[in-house]
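Raw contents of structure00.tsv, TSV, C-alpha atoms and all ligand atoms:
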chain	number	residue	atom	x	y	z
N	1	MET	CA	6.26	16.35	-8.00
N	2	LYS	CA	2.66	15.11	-8.03
N	3	TYR	CA	1.15	12.71	-5.54
N	4	TYR	CA	-2.31	11.31	-4.95
N	5	GLN	CA	-4.30	11.11	-1.75
N	6	SER	CA	-7.05	8.59	-1.28
N	7	VAL	CA	-10.55	9.53	-0.17
N	8	CYS	CA	-12.24	6.56	1.46
N	9	GLU	CA	-15.53	5.42	2.88
N	10	LEU	CA	-16.08	2.65	5.39
N	11	GLY	CA	-16.83	-0.56	3.50
N	12	LEU	CA	-19.24	-1.52	6.25
N	13	LEU	CA	-21.58	1.24	5.09
N	14	LEU	CA	-21.37	0.42	1.37
N	15	PRO	CA	-23.03	-2.25	-0.77
N	16	GLU	CA	-21.01	-5.41	-1.44
N	17	PRO	CA	-18.69	-4.79	-4.39
N	18	LYS	CA	-19.55	-6.50	-7.69
N	19	GLN	CA	-16.05	-6.14	-9.07
N	20	PHE	CA	-12.53	-5.28	-7.98
N	21	GLN	CA	-12.47	-2.06	-5.96
N	22	GLU	CA	-9.45	-0.28	-4.62
N	23	GLN	CA	-9.38	-0.45	-0.85
N	24	PHE	CA	-7.38	-0.61	2.34
N	25	GLY	CA	-8.07	-3.53	4.65
N	26	GLY	CA	-11.09	-5.79	4.26
N	27	LEU	CA	-11.00	-8.99	2.20
N	28	PRO	CA	-9.19	-9.24	-1.13
N	29	TRP	CA	-11.20	-9.42	-4.34
N	30	GLY	CA	-10.23	-11.97	-6.99
N	31	LEU	CA	-7.29	-13.47	-5.13
N	32	PRO	CA	-7.02	-17.21	-5.86
N	33	HIS	CA	-7.11	-19.10	-2.58
N	34	GLU	CA	-3.78	-20.83	-3.15
N	35	LYS	CA	-2.06	-17.49	-3.71
N	36	TRP	CA	-2.95	-16.07	-0.31
N	37	PRO	CA	0.53	-15.51	1.15
N	38	LEU	CA	1.63	-17.13	4.41
N	39	CYS	CA	3.91	-15.43	6.89
N	40	ASN	CA	7.50	-16.62	6.72
N	41	ASN	CA	7.73	-16.33	10.47
N	42	CYS	CA	4.55	-17.82	11.96
N	43	GLY	CA	3.27	-19.67	8.87
N	44	LYS	CA	-0.25	-18.26	9.11
N	45	PRO	CA	-2.09	-16.35	6.36
N	46	MET	CA	-1.26	-12.67	6.41
N	47	THR	CA	-3.69	-9.78	6.62
N	48	ILE	CA	-4.39	-7.72	3.52
N	49	ILE	CA	-3.68	-4.06	4.03
N	50	ALA	CA	-4.32	-2.74	0.51
N	51	GLN	CA	-5.47	-3.74	-2.96
N	52	LEU	CA	-4.88	-1.28	-5.76
N	53	GLN	CA	-5.36	-1.25	-9.51
N	54	HIS	CA	-3.13	-0.16	-12.36
N	55	HIS	CA	-3.54	3.41	-13.49
N	56	PRO	CA	-1.31	4.75	-16.27
N	57	VAL	CA	-0.50	8.00	-14.48
N	58	ARG	CA	-1.20	7.54	-10.79
N	59	PHE	CA	-0.19	3.94	-10.20
N	60	ASN	CA	1.61	2.40	-13.11
N	61	LEU	CA	1.77	-1.38	-12.84
N	62	GLY	CA	2.55	-1.70	-16.54
N	63	LYS	CA	-0.68	-3.27	-17.76
N	64	GLU	CA	-4.38	-2.56	-17.88
N	65	ASP	CA	-6.43	-4.39	-15.20
N	66	ARG	CA	-3.29	-5.46	-13.32
N	67	VAL	CA	-3.70	-5.29	-9.55
N	68	LEU	CA	-1.47	-5.17	-6.51
N	69	PHE	CA	-2.23	-6.82	-3.16
N	70	ILE	CA	-0.20	-5.84	-0.10
N	71	PHE	CA	-0.10	-8.07	2.97
N	72	GLN	CA	1.31	-7.80	6.44
N	73	CYS	CA	1.29	-10.37	9.23
N	74	LEU	CA	-0.85	-9.23	12.16
N	75	ASN	CA	-1.18	-12.65	13.80
N	76	ASP	CA	1.43	-11.96	16.41
N	77	PRO	CA	1.89	-8.20	16.44
N	78	GLY	CA	5.40	-7.18	17.25
N	79	PHE	CA	6.89	-10.66	16.73
N	80	CYS	CA	6.54	-11.27	12.99
N	81	ASP	CA	8.95	-8.74	11.60
N	82	PHE	CA	7.18	-6.92	8.77
N	83	GLY	CA	9.97	-4.39	8.24
N	84	GLU	CA	12.37	-6.86	6.61
N	85	PRO	CA	11.94	-8.11	3.03
N	86	GLY	CA	10.63	-11.67	2.88
N	87	LYS	CA	9.42	-11.84	6.49
N	88	GLY	CA	5.93	-10.91	7.71
N	89	ASN	CA	4.99	-9.07	4.54
N	90	ALA	CA	4.19	-9.78	0.91
N	91	ALA	CA	3.18	-7.96	-2.26
N	92	LEU	CA	1.44	-9.77	-5.06
N	93	ILE	CA	0.77	-8.52	-8.59
N	94	LEU	CA	-1.92	-10.31	-10.60
N	95	ASP	CA	-3.33	-9.85	-14.09
N	96	ALA	CA	-7.06	-9.98	-14.74
N	97	GLU	CA	-6.87	-13.51	-16.22
N	98	GLU	CA	-5.23	-14.85	-13.05
N	99	MET	CA	-7.99	-13.60	-10.80
N	100	THR	CA	-11.09	-15.30	-9.50
N	101	LYS	CA	-14.52	-13.73	-9.10
N	102	GLY	CA	-15.63	-12.38	-5.76
N	103	ARG	CA	-14.00	-11.90	-2.43
N	104	THR	CA	-11.58	-14.42	-0.99
N	105	LYS	CA	-11.64	-15.55	2.61
N	106	PRO	CA	-8.52	-16.72	4.46
N	107	SER	CA	-8.14	-20.45	5.14
N	108	GLN	CA	-8.12	-19.86	8.89
N	109	GLU	CA	-9.15	-17.14	11.27
N	110	ILE	CA	-6.76	-14.20	11.16
N	111	PRO	CA	-7.09	-10.51	12.02
N	112	ILE	CA	-8.93	-8.62	9.27
N	113	GLU	CA	-8.62	-4.86	9.17
N	114	PRO	CA	-11.75	-2.70	8.69
N	115	GLU	CA	-12.37	-2.09	4.99
N	116	LEU	CA	-11.78	1.44	3.75
N	117	ARG	CA	-12.97	1.62	0.17
N	118	ILE	CA	-11.22	4.19	-1.97
N	119	ILE	CA	-13.87	6.39	-3.56
N	120	HIS	CA	-11.52	8.66	-5.44
N	121	TRP	CA	-8.04	10.12	-5.55
N	122	ILE	CA	-7.08	13.76	-5.15
N	123	GLU	CA	-4.11	14.96	-7.16
N	124	LYS	CA	-1.74	17.21	-5.20
N	125	GLU	CA	1.68	18.69	-5.56
N	126	GLU	CA	4.49	18.25	-3.02
N	127	LEU	CA	5.26	21.63	-1.48
N	128	LEU	CA	8.96	20.89	-1.27
N	129	LYS	CA	10.54	22.03	-4.52
N	130	LYS	CA	13.96	20.51	-5.03
N	131	SER	CA	15.62	19.52	-8.22
N	132	ASP	CA	17.27	16.35	-6.87
N	133	GLU	CA	14.16	14.18	-6.72
N	134	SER	CA	16.09	10.91	-6.79
N	135	ARG	CA	17.79	11.79	-3.50
N	136	LEU	CA	14.50	12.66	-1.82
N	137	ILE	CA	12.96	9.41	-2.95
N	138	LYS	CA	15.80	7.57	-1.21
N	139	GLY	CA	15.19	9.50	1.98
N	140	ASP	CA	18.46	11.36	1.64
N	141	TYR	CA	17.60	14.65	3.33
N	142	GLU	CA	21.13	15.99	3.62
N	143	GLY	CA	21.20	19.76	3.23
N	144	LEU	CA	17.50	20.15	4.04
N	145	SER	CA	16.24	22.03	7.07
N	146	TYR	CA	13.58	20.49	9.34
N	147	GLU	CA	11.14	23.04	7.96
N	148	GLU	CA	11.81	21.84	4.44
N	149	ILE	CA	11.50	18.16	5.40
N	150	ASP	CA	8.19	18.93	7.08
N	151	LEU	CA	6.85	20.16	3.75
N	152	ILE	CA	6.76	16.54	2.53
N	153	GLU	CA	3.26	15.09	2.84
N	154	ILE	CA	3.33	12.75	5.79
N	155	GLY	CA	0.09	10.79	5.30
N	156	THR	CA	-1.10	8.00	3.05
N	157	LYS	CA	-0.31	8.77	-0.57
N	158	VAL	CA	0.67	7.34	-3.92
N	159	GLY	CA	3.66	8.98	-5.58
N	160	GLY	CA	5.49	12.08	-4.43
N	161	TYR	CA	8.33	11.81	-1.94
N	162	PRO	CA	8.37	9.33	0.94
N	163	TYR	CA	8.36	10.80	4.40
N	164	TRP	CA	10.78	8.90	6.62
N	165	PHE	CA	10.19	9.01	10.34
N	166	GLN	CA	13.61	7.52	10.88
N	167	SER	CA	16.41	7.43	8.35
N	168	GLY	CA	15.62	5.92	4.97
N	169	LEU	CA	15.92	2.18	4.38
N	170	GLY	CA	18.45	0.81	1.94
N	171	PHE	CA	16.88	-1.02	-0.96
N	172	GLN	CA	18.55	-2.80	-3.79
N	173	GLU	CA	18.66	-0.42	-6.75
N	174	PRO	CA	17.02	0.38	-9.04
N	175	TYR	CA	13.69	1.00	-7.38
N	176	GLN	CA	11.03	3.65	-7.39
N	177	PHE	CA	8.80	4.98	-4.67
N	178	LEU	CA	5.26	3.76	-5.14
N	179	MET	CA	3.28	4.67	-2.04
N	180	GLN	CA	3.27	5.08	1.72
N	181	MET	CA	0.60	4.31	4.26
N	182	LEU	CA	0.62	6.12	7.56
N	183	ASP	CA	-1.92	3.81	9.16
N	184	MET	CA	-5.01	2.36	7.58
N	185	ARG	CA	-7.21	3.84	10.22
N	186	MET	CA	-5.80	7.24	9.43
N	187	ALA	CA	-6.35	7.07	5.68
N	188	ALA	CA	-8.57	9.95	4.62
N	189	ILE	CA	-12.18	8.88	5.12
W	201	ZN	ZN	3.45	-14.03	11.19
Would it be possible to restate this file's structure as structure tokens?
Ligand SMILES: [Zn+2]
Amino acid sequence: MKYYQSVCELGLLLPEPKQFQEQFGGLPWGLPHEKWPLCNNCGKPMTIIAQLQHHPVRFNLGKEDRVLFIFQCLNDPGFCDFGEPGKGNAALILDAEEMTKGRTKPSQEIPIEPELRIIHWIEKEELLKKSDESRLIKGDYEGLSYEEIDLIEIGTKVGGYPYWFQSGLGFQEPYQFLMQMLDMRMAAI
């Protein structure tokens, strides 16, 4: 099972982008102002934690130039539940024709995470070799030893198997595992 690890540089040290760039944190590129999602708990704009672009192999969003924005509410850390669907979190998929030019600023002051611009992706292979991939993707580790579970890449990655710190979450099927982020500040710089 292949997965992809991001290699990033601090946006602070890079020239302003002239087009959409994949990144963690920072300000979104091309997001129409009215589409900036508000937290269902506190009502304030949420913080962007990642923007990623379609790639036919690595990150298939089904269409060329389609992008994904991922948001999490950081206005009131610990109080706006971002673990539950439809609460302090949002994911937005936009096509090129729906996007504006340039970076978008939030309508009010909110926490903005440091920008980590993704410079390239490294293709890797999960070390855990098991035939029942669908079970691993659901976080069903029954029958695996701790040593085997620890073979799953724990850090930020696209694809592969998710690493669950606790037991897996139940999602409505069907679904597929897209990515995991350990912590933006711990993404590979
Ligand atoms: Zn909130």
Would you give me, as JSON lines, each residue of chain N having an atom within 7 Å of an atom of ligand ZN 201 (chain W), along with its shortest atom pair and that distance in Å to one decimal, using all atoms listed in the file and sorting by chain and residue number?
{"residue": "N:Cys39", "atom": "CA", "partner": "W:ZN201", "partner_atom": "ZN", "distance": 4.5}
{"residue": "N:Asn40", "atom": "CA", "partner": "W:ZN201", "partner_atom": "ZN", "distance": 6.6}
{"residue": "N:Asn41", "atom": "CA", "partner": "W:ZN201", "partner_atom": "ZN", "distance": 4.9}
{"residue": "N:Cys42", "atom": "CA", "partner": "W:ZN201", "partner_atom": "ZN", "distance": 4.0}
{"residue": "N:Gly43", "atom": "CA", "partner": "W:ZN201", "partner_atom": "ZN", "distance": 6.1}
{"residue": "N:Lys44", "atom": "CA", "partner": "W:ZN201", "partner_atom": "ZN", "distance": 6.0}
{"residue": "N:Met46", "atom": "CA", "partner": "W:ZN201", "partner_atom": "ZN", "distance": 6.8}
{"residue": "N:Cys73", "atom": "CA", "partner": "W:ZN201", "partner_atom": "ZN", "distance": 4.7}
{"residue": "N:Leu74", "atom": "CA", "partner": "W:ZN201", "partner_atom": "ZN", "distance": 6.5}
{"residue": "N:Asn75", "atom": "CA", "partner": "W:ZN201", "partner_atom": "ZN", "distance": 5.5}
{"residue": "N:Asp76", "atom": "CA", "partner": "W:ZN201", "partner_atom": "ZN", "distance": 6.0}
{"residue": "N:Cys80", "atom": "CA", "partner": "W:ZN201", "partner_atom": "ZN", "distance": 4.5}
{"residue": "N:Gly88", "atom": "CA", "partner": "W:ZN201", "partner_atom": "ZN", "distance": 5.3}
Could those residues be written to a file, using C-alpha atoms, as a compact mmCIF listing (two decimals), keeping the file's coordinate frame?
# COMPACT_ATOMS: atom_id res chain seq x y z
CA CYS N 39 3.91 -15.43 6.89
CA ASN N 40 7.50 -16.62 6.72
CA ASN N 41 7.73 -16.33 10.47
CA CYS N 42 4.55 -17.82 11.96
CA GLY N 43 3.27 -19.67 8.87
CA LYS N 44 -0.25 -18.26 9.11
CA MET N 46 -1.26 -12.67 6.41
CA CYS N 73 1.29 -10.37 9.23
CA LEU N 74 -0.85 -9.23 12.16
CA ASN N 75 -1.18 -12.65 13.80
CA ASP N 76 1.43 -11.96 16.41
CA CYS N 80 6.54 -11.27 12.99
CA GLY N 88 5.93 -10.91 7.71
query: Which neighbours of Lys18 of chain N fall inside 10 Å, counting all atoms listed in the file, when residues of the same chain fewer than 5 positions from it are skipped, and could you give them as a VMD selection string?
result: chain N and resid 29 101 to 103
Using the selection just defined, write its residues with C-alpha atoms as a PDB file, keeping the file's coordinate frame.
ATOM      1  CA  TRP N  29     -11.200  -9.420  -4.340  1.00  0.00           C
ATOM      2  CA  LYS N 101     -14.520 -13.730  -9.100  1.00  0.00           C
ATOM      3  CA  GLY N 102     -15.630 -12.380  -5.760  1.00  0.00           C
ATOM      4  CA  ARG N 103     -14.000 -11.900  -2.430  1.00  0.00           C
TER       5      ARG N 103
END
Worksheet entry | Distance query Ile70 of chain N at most 10 Å, only C-alpha atoms, self and fewer than 3 positions along chain excluded, as a ChimeraX atom specification | /N:24-25,28,37,46-52,89-93
Contacts of Trp164 of chain N at 12 Å (only C-alpha atoms; same-chain gap of 2+ positions) as a PDB file with C-alpha atoms, in the coordinates of the input:
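Final output, result.pdb:
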ATOM      1  CA  LEU N 136      14.500  12.660  -1.820  1.00  0.00           C
ATOM      2  CA  ILE N 137      12.960   9.410  -2.950  1.00  0.00           C
ATOM      3  CA  LYS N 138      15.800   7.570  -1.210  1.00  0.00           C
ATOM      4  CA  GLY N 139      15.190   9.500   1.980  1.00  0.00           C
ATOM      5  CA  ASP N 140      18.460  11.360   1.640  1.00  0.00           C
ATOM      6  CA  TYR N 141      17.600  14.650   3.330  1.00  0.00           C
ATOM      7  CA  ILE N 149      11.500  18.160   5.400  1.00  0.00           C
ATOM      8  CA  ASP N 150       8.190  18.930   7.080  1.00  0.00           C
ATOM      9  CA  ILE N 152       6.760  16.540   2.530  1.00  0.00           C
ATOM     10  CA  GLU N 153       3.260  15.090   2.840  1.00  0.00           C
ATOM     11  CA  ILE N 154       3.330  12.750   5.790  1.00  0.00           C
ATOM     12  CA  GLY N 155       0.090  10.790   5.300  1.00  0.00           C
ATOM     13  CA  TYR N 161       8.330  11.810  -1.940  1.00  0.00           C
ATOM     14  CA  PRO N 162       8.370   9.330   0.940  1.00  0.00           C
ATOM     15  CA  GLN N 166      13.610   7.520  10.880  1.00  0.00           C
ATOM     16  CA  SER N 167      16.410   7.430   8.350  1.00  0.00           C
ATOM     17  CA  GLY N 168      15.620   5.920   4.970  1.00  0.00           C
ATOM     18  CA  LEU N 169      15.920   2.180   4.380  1.00  0.00           C
ATOM     19  CA  GLN N 180       3.270   5.080   1.720  1.00  0.00           C
ATOM     20  CA  MET N 181       0.600   4.310   4.260  1.00  0.00           C
ATOM     21  CA  LEU N 182       0.620   6.120   7.560  1.00  0.00           C
TER      22      LEU N 182
END
Which residues are near segment 7-16 of chain N? Cut-off 9 Å, only C-alpha atoms, ignore same chain within fewer than 2 positions. Put them as an mmCIF file with C-alpha atoms, in the frame of the given file.
data_model
loop_
_atom_site.group_PDB
_atom_site.id
_atom_site.type_symbol
_atom_site.label_atom_id
_atom_site.label_comp_id
_atom_site.auth_asym_id
_atom_site.auth_seq_id
_atom_site.Cartn_x
_atom_site.Cartn_y
_atom_site.Cartn_z
ATOM 1 C CA GLN N 5 -4.300 11.110 -1.750
ATOM 2 C CA LYS N 18 -19.550 -6.500 -7.690
ATOM 3 C CA GLN N 23 -9.380 -0.450 -0.850
ATOM 4 C CA PHE N 24 -7.380 -0.610 2.340
ATOM 5 C CA GLY N 26 -11.090 -5.790 4.260
ATOM 6 C CA PRO N 114 -11.750 -2.700 8.690
ATOM 7 C CA GLU N 115 -12.370 -2.090 4.990
ATOM 8 C CA LEU N 116 -11.780 1.440 3.750
ATOM 9 C CA ARG N 117 -12.970 1.620 0.170
ATOM 10 C CA ILE N 118 -11.220 4.190 -1.970
ATOM 11 C CA ILE N 119 -13.870 6.390 -3.560
ATOM 12 C CA HIS N 120 -11.520 8.660 -5.440
ATOM 13 C CA TRP N 121 -8.040 10.120 -5.550
ATOM 14 C CA ILE N 122 -7.080 13.760 -5.150
ATOM 15 C CA ALA N 187 -6.350 7.070 5.680
ATOM 16 C CA ALA N 188 -8.570 9.950 4.620
ATOM 17 C CA ILE N 189 -12.180 8.880 5.120
#
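Checking N:Leu27, N:Val67, N:Val158, N:Leu94 one by one against Phe177 of chain N, counting all atoms listed in the file, you find the shortest gap at N:Val158.
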With distances taken over all atoms listed in the file, the candidate from N:Tyr4, N:Pro85, N:Pro45, N:Glu142 nearest His33 of chain N is N:Pro45
- Message: At a cut-off of 12 Å, using only C-alpha atoms, what residues contact Glu64 of chain N? Leave out same-chain residues fewer than 5 positions from it and give the result as a list in words.
- Response: Gln53, His54, His55, Pro56, Val57, Phe59, Leu94, Asp95, Ala96 and Glu97 of chain N
Would you mind reading off the distance between atom CA of Glu98 of chain N and atom CA of Glu22 of chain N, one decimal, in Å?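 These atoms are spaced 17.4 Å apart.
Ranking N:Glu34, N:Glu147, N:Glu109, N:Glu173 by their shortest atom-to-atom distance to Ser134 of chain N, with all atoms listed in the file included, puts N:Glu173 first.
Across the structure, atom CA of Lys129 of chain N and atom CA of Leu144 of chain N are spaced 11.2 Å apart.
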Pairwise distance, atom CA of Glu126 of chain N with atom CA of Gly160 of chain N, equals 6.4 Å
Pick out the closest residue to Gln19 of chain N from this set: N:Thr100, N:Asn60, N:Ser107, N:Gln72. Count only C-alpha atoms.
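With only C-alpha atoms as the atom set, the closest residue is N:Thr100.
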Step by step, gather every atom of segment 125-138 of chain N that the file lists, find the box along x, y and z that holds them, add 6 Å on each side, and finally give centre and edge lengths in Å to one decimal, as AutoDock Vina command-line options.
--center_x 9.7 --center_y 14.8 --center_z -4.7 --size_x 28.1 --size_y 26.5 --size_z 19.0
